[in-house]
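See below for the structure under consideration.
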Amino acid sequence: MRREFKLPDVGEGLTEAEIVRWHVKPGDSVKVNQIVVEIETAKSIVELPSPWAGVVADLLAEEGQTVDVGLPIIAVDTGEAAPSGTAGAPSAASTEGPADRLEALADDLVPRPPAEGAVEPGAHGGPAPKEERTPVLVGYGVKTGAVKRRTRKTPGQGAGQPGQAQPAQAQPAQAQAAQSQAGQVANPERVALPGHVAPAEAGQIPAPRTGQERAQVLAKPPVRKLAKDLGVDLATLRGTGPQGSITRDDIHAAAQEPAQAAPTAQAARQGAPEVAEERVPIKGVRKMTAQAMVASAFTAPHVTEFLQVDVTETMAAVQRLKGLPDFAEVRVSPLLLVAKAVLVAARRYPMINSAWDEAAQEIVVKHYVNLGIAAATPRGLVVPNIKSAHALDLPSLAAALGELTETARAGRTQPADMAGGTITITNVGVFGVDTGTPILNPGEAAILAFGMVRDAPWVVDGQLAVRKVTTLALSFDHRVIDGELGSRFLRDVGAMLEDPLRMLAWS
């Protein structure tokens with residue numbers, strides 16, 4: 001029996017996900033809970049296991065494709081016998097009108113398992129038996145015995161009044177669709193739907209939809225909203241999704257058609273590029289980052305202060321730490337001592353490590369530090385955090401920083417690793433810039449930017465010398481942190497980087 005696995009909500013409230021990599025191909029055997037695909041949500045990459053055992057019949061989504069939750073992504077042949085109707089009764093597909101199949105398709109997109117004891121619609125209308133399932137990691141699991149059915153029409157019933165056959169010429173479009181189903185009854189899932197026209201052959205222009213077809217366009221509400229925002233008429237499209245449904249990619253492709261017209265002869269002579277602009281879909285981490293930054297920038301009143309610091313002694317301390325046995329297995333960098341300075345200063349000024357609770361009209365002062373480290377990855381900006389960083393000694397903090405960075409760059413950061421941060425450091429110096437004006441991570445009151453360390457002239461004991469200098473920038477939520485508090489915190493972080501011995505004295 002062919003079963004289709006629909007993209008689930010993996011617990012983050014997502015509405016869509018991108019197929020990153022398939023672990024199987026058609027013809028492969030799979031077991032229950034075997035990982036079959038990696039998807040990228042708005043927060044992380046998640047591995048999805050198969051809820052059934054069997055043989056992969058088809059991959060219904062390609063790598064790089066964005067799929068809405070509830071749409072099928074893989075078909076598995078479980079080897080189970082397909083449910084059969086009553087002996088002597090005509091096939092369910094043969095007695096089912098186009099409107100019934102459309103209704104059934106809409107129901108299949110978001111499956112709802114019957115409740116225990118509920119009456120199951122079918123030929124006999126008996127109560128649905130209790131379902132016993134094999135535990136699986138996603139989906140509804142492997143059922144034993146019970147088979148889900150949808151309402152079937154009796155042979156004497158059509159799409160009109162009960163017990164009355166529908167006139168053969170009443171709806172020509174439906175009659176034509178019914179004729180096209182001859183020879184395909186054995187596989188009802190591939191029967192043409194009302195309003196769904198086979199893709200046009202090369203060089204042909206699809207005929208406009210009729211009024212009835214316009215009303216029966218298959219598209220989910222988010223896709224319809226996207227079409228409205230981009231000014232695309234759904235009725236002019238032929239969907240590439242399951243059962244001819246229209247997808248986001250179809251909308252974007254239709255919206256880009258005018259921009260992708262061939263260049264004029266004059267532009268070609270002038271050496272202009274064939275495509276003057278490119279549109280990149282906003283999805284995954286980029287989409288989440290954009291939403292978070294807009295929410296933060298227009299919710300918390302940002303203030304940014306700057307401080308230039310002589311970090312010559314810090315750079316020397318980094319070199320000495322690298323030679324100690326306790327740091328032999330970890331990476332030691334200036335960021336380690338910056339992180340330690342932030343942790344010490346946050347203990348001296350607890351209000352820095354707090355959050356504004358708008359609903360409760362309270363300031364939440366946190367006496368623990370989940371230290372966020374902004375990381376640039378191929379998927380975009382992520383901000384995982386080190387849980388209870390305040391309780392770690394220096395070697396443990398170095399190990400945690402190394403593991404966090406490696407996991408983020410490999411794209412394996414999980415949603416839990418990015419939740420619950422209390423204060424953040426962004427190391428913009430690795431990009432060769434002096435500093436920036438960082439935007440607060442939502443739910444936090446402060447973020448420190450650590451700029452590039454460079455040789456610069458500096459006055460030492462009244463004499464001009466070349467020293468290692470960096471620039472720190474502290475952005476904070478002015479609802480929570482006054483200018484005096486922010487200045488004191490930034491001054492103390494700078495003082496500890498000028499003389500690392502102060503970290504020991506203030507710890």
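How things are named: the first chain in the structure tokens is A, the next is B, and so on; residues count from 1 in each chain; ligands count from 1 in the order shown.
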Can you pull out the residues contacting A:Arg379? Cut-off 8 Å, using only C-alpha atoms, and skip same-chain residues under 3 positions away; I want them as a ChimeraX atom specification. /A:284-286,411
Hey, what does DSSP flag as helix (DSSP H, G or I) within stretch 270-460 of chain A? Can you give it to me as JSON, numbers by chain? {"A": [284, 285, 286, 287, 288, 289, 290, 291, 292, 293, 294, 295, 296, 297, 312, 313, 314, 315, 316, 317, 318, 319, 320, 321, 322, 325, 326, 327, 334, 335, 336, 337, 338, 339, 340, 341, 342, 343, 344, 345, 346, 347, 348, 350, 351, 352, 389, 390, 391, 394, 395, 396, 397, 398, 399, 400, 401, 402, 403, 404, 405, 406, 407, 408, 409, 415, 416, 417, 418, 428, 429, 430, 431]}
Which one is closest to A:Gln65: A:Gly79, A:Pro26, A:Pro350, A:Pro281? Count only C-alpha atoms.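 Result for the nearest residue to A:Gln65: A:Pro281.
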Need the shell around stretch 328-338 of chain A: protein/DNA/RNA residues with any atom at most 6 Å away, counting only C-alpha atoms. Skip same-chain ones fewer than 3 positions apart. Format as a ChimeraX atom specification? /A:325,341,399
For a test of reading the model, state the distance in Å between atom CA of A:Ala419 and atom CA of A:Asn441, rounded to one decimal. 10.7 Å
Between atom CA of A:Gly64 and atom CA of A:Asn385, what is the distance in Å, rounded to a tenth?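 Those two atoms sit 28.2 Å apart.
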For stretch 370-378 of chain A: contacts at 6 Å, only C-alpha atoms, fewer than 4 positions along chain excluded, given as a ChimeraX atom specification: /A:382-389,409,421-426
For atom CA of A:Leu485 and atom CA of A:Tyr349, the interatomic separation in Å (one decimal): 7.7 Å
Using only C-alpha atoms, which residue out of A:Val369, A:Ser354, A:Arg248, A:Val318 lies closest to A:Ile282?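 Of the candidates, the smallest distance to A:Ile282 is held by A:Arg248.
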Could you find all residues in stretch 334-438 of chain A that DSSP calls strand (DSSP E) from the backbone, and write them as an MDAnalysis selection string? chainID A and resid 354:357 362:365 371:377 380:382 385:386 423:426
Shell around stretch 455-472 of chain A at 8 Å using only C-alpha atoms, local window under 2 positions removed, as a list of chain:residue names: A:Phe306, A:Leu307, A:Gln308, A:Val309, A:Asp310, A:Val311, A:Thr312, A:Met315, A:Asp434, A:Thr435, A:Leu448, A:Ala449, A:Phe450, A:Gly451, A:Met452, A:Val453, A:Leu474, A:Leu490, A:Gly494
Near-A:Asp357 list (12 Å; only C-alpha atoms; drop same-chain fewer than 2 positions) as a PDB file with C-alpha atoms, in the first residue's frame:
```
ATOM      1  CA  THR A 299      10.464  47.808  20.166  1.00  0.00           C
ATOM      2  CA  ALA A 300      13.517  48.499  22.337  1.00  0.00           C
ATOM      3  CA  SER A 354      17.947  41.572  32.450  1.00  0.00           C
ATOM      4  CA  ALA A 355      14.896  41.760  30.209  1.00  0.00           C
ATOM      5  CA  ALA A 359       2.951  42.054  29.403  1.00  0.00           C
ATOM      6  CA  ALA A 360       3.690  41.985  33.132  1.00  0.00           C
ATOM      7  CA  GLN A 361       5.144  45.503  33.195  1.00  0.00           C
ATOM      8  CA  GLU A 362       8.207  44.207  35.009  1.00  0.00           C
ATOM      9  CA  ILE A 363      11.984  44.146  34.561  1.00  0.00           C
ATOM     10  CA  VAL A 364      13.249  40.583  34.915  1.00  0.00           C
ATOM     11  CA  VAL A 365      16.737  40.569  36.460  1.00  0.00           C
ATOM     12  CA  PRO A 442      15.077  39.969  21.251  1.00  0.00           C
ATOM     13  CA  GLY A 443      14.509  39.367  24.962  1.00  0.00           C
ATOM     14  CA  GLU A 444      17.895  40.773  25.985  1.00  0.00           C
ATOM     15  CA  ALA A 445      18.933  44.197  27.262  1.00  0.00           C
ATOM     16  CA  ARG A 479      14.048  51.259  29.005  1.00  0.00           C
ATOM     17  CA  VAL A 480      16.089  49.012  31.296  1.00  0.00           C
TER      18      VAL A 480
END
```
